[in-house]
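Quick notes on the structure that follows.
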Amino acid sequence: MGLLQKYDYVPVAAEVDAFVAQTKENIDKWNTKEVYQSALGMIDLTSLTVTDSPSSIKQMVKRVNAFHDKYPQYPLPASICVYPNFANVIKKNKTEDSVHITVVGGCFPASQSMLIVKVLECMEAVKDGADEVDIVISVGSLLDMDYEEVSKEISTISQTIKQLKPSVHLKVILETGVLDLHQIATASFLAMEAGADFIKTSTGKVSPAATPEAAVVMCNCIKQYYAETGRKVGFKPAGGIVTAEDAALYYGIVDQILGSEWLTPEWFRFGASRMANNLLTALEGSEVKYY
């Protein structure tokens with residue numbers, strides 16, 4: 001039995017498109033300051049550039065540490081997301097206990113290396129303080145329909161890092177921009193079965209990155225998986241999500257499909273860097289360039 005049949009969910013493009021169109025028509029329901037404020041607290045504040053350095057990451061952490069001095073009325077980001085070699089920089093400089101340390105591991109963004117290398121990178125990041133690890137699914141194996149290999153990589157990394165730190169969360173990136181809707185659904189179920197605590201749309205390094213259509217499919221998969229297993233899995237759209245209106249659209253998709261239980265940082269994150277300032281700008285009514 002295929003995974004889509006097992007979980008009784010086969011995405012239909014026309015239905016997905018209609019759902020997205022209807023959400024956009026009703027977007028005023030979520031284009032509110034209350035939603036913007038909630039979304040601000042769901043951000044994995046991200047820096048993943050070739051110019052990242054210990055000093056630049058320290059500066060980012062410093063801004064998070066000082067955020068409530070300037071904006072005590074708004075939530076801190078859910079986490080700071082960096083390359084694995086900077087986990088310890090965040091750990092040494094972070095003063096806000098509620099902000100998680102997220103790393104991209106497993107040979108991000110292409111996931112093209114030996115499994116032992118991917119595992120070692122994730123292990124070392126957790127030892128250095130990471131409590132959330134975002135890895136990329138083996139897209140090549142998925143496209144070859146080698147689902148056993150896809151599952152083995154995720155489960156091996158999951159089991160290894162959770163032996164080091166049982167509370168660590170594994171987010172699995174599907175790179176939805178290179179997949180069709182059926183492949184997105186298959187990848188979602190594979191990742192969840194293999195131990196993903198979150199499923200995430202994109203690395204942001206491939207075009208297209210996050211799309212509302214991919215979000216609809218992934219959220220429906222989470223809903224069906226939860227109905228069958230009783231295990232909740234989080235959702236993280238990432239890549240190209242910039243404006244407050246973008247945040248409202250994805251918030252509305254999660255709200256309609258998964259419901260209010262998922263509308264917390266525990267189960268819903270945004271992978272974003274520029275969106276934080278745009279949300280603050282929408283909330284304050286004037287341009288903010290804090291982060």
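Residue numbering restarts at 1 for every chain of the structure tokens, chains are lettered A, B, ... in their displayed order, and ligands are numbered from 1 as they appear.
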For the contact check between range 186-282 of chain A and range 5-8 of chain A, emit one row per residue of range 186-282 of chain A within 9 Å, containing the shortest atom pair and the distance in Å rounded to one decimal, counting only C-alpha atoms, chain then rising number order, as CSV.
```
residue,atom,partner,partner_atom,distance
A:Phe189,CA,A:Tyr7,CA,8.4
A:Cys221,CA,A:Tyr7,CA,8.0
A:Gln224,CA,A:Tyr7,CA,6.1
A:Tyr225,CA,A:Tyr7,CA,6.7
A:Ala227,CA,A:Tyr7,CA,8.9
A:Glu228,CA,A:Tyr7,CA,7.2
```
(message) as a PyMOL selection string, please: every residue in range 36-184 of chain A that a backbone DSSP assignment puts in helix (DSSP H, G or I).
(response) chain A and resi 36-40+54-65+67-70+84-93+115-127+139-143+147-164+176-178+181-184
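Nearest-residue note for Gly140 in chain A: choosing from A:Val178, A:Val10, A:Ile116, A:Ala214, the minimum distance belongs to A:Val178, counting only C-alpha atoms.
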(message) My list of candidates is A:Leu115, A:Leu120, A:Val136, A:Asp180. Which is closest to Lys152 in chain A when distances are computed with only C-alpha atoms?
(response) A:Leu115
(message) I'd like the neighbourhood of Met60 in chain A as number ranges by chain, where a residue qualifies if any of its atoms comes within 12 Å (using only C-alpha atoms), though same-chain residues fewer than 6 positions away should be ignored.
(response) A: 45-47, 52-54, 66-67, 77, 79-82, 86, 89-90, 93-94, 273, 290-291
(request) Would you please work out which residue, of A:Thr95, A:Asn88, A:Tyr74, A:Tyr226, is nearest to Ala39 in chain A when using only C-alpha atoms? (result)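 Nearest candidate to Ala39 in chain A out of A:Thr95, A:Asn88, A:Tyr74, A:Tyr226: A:Tyr74.
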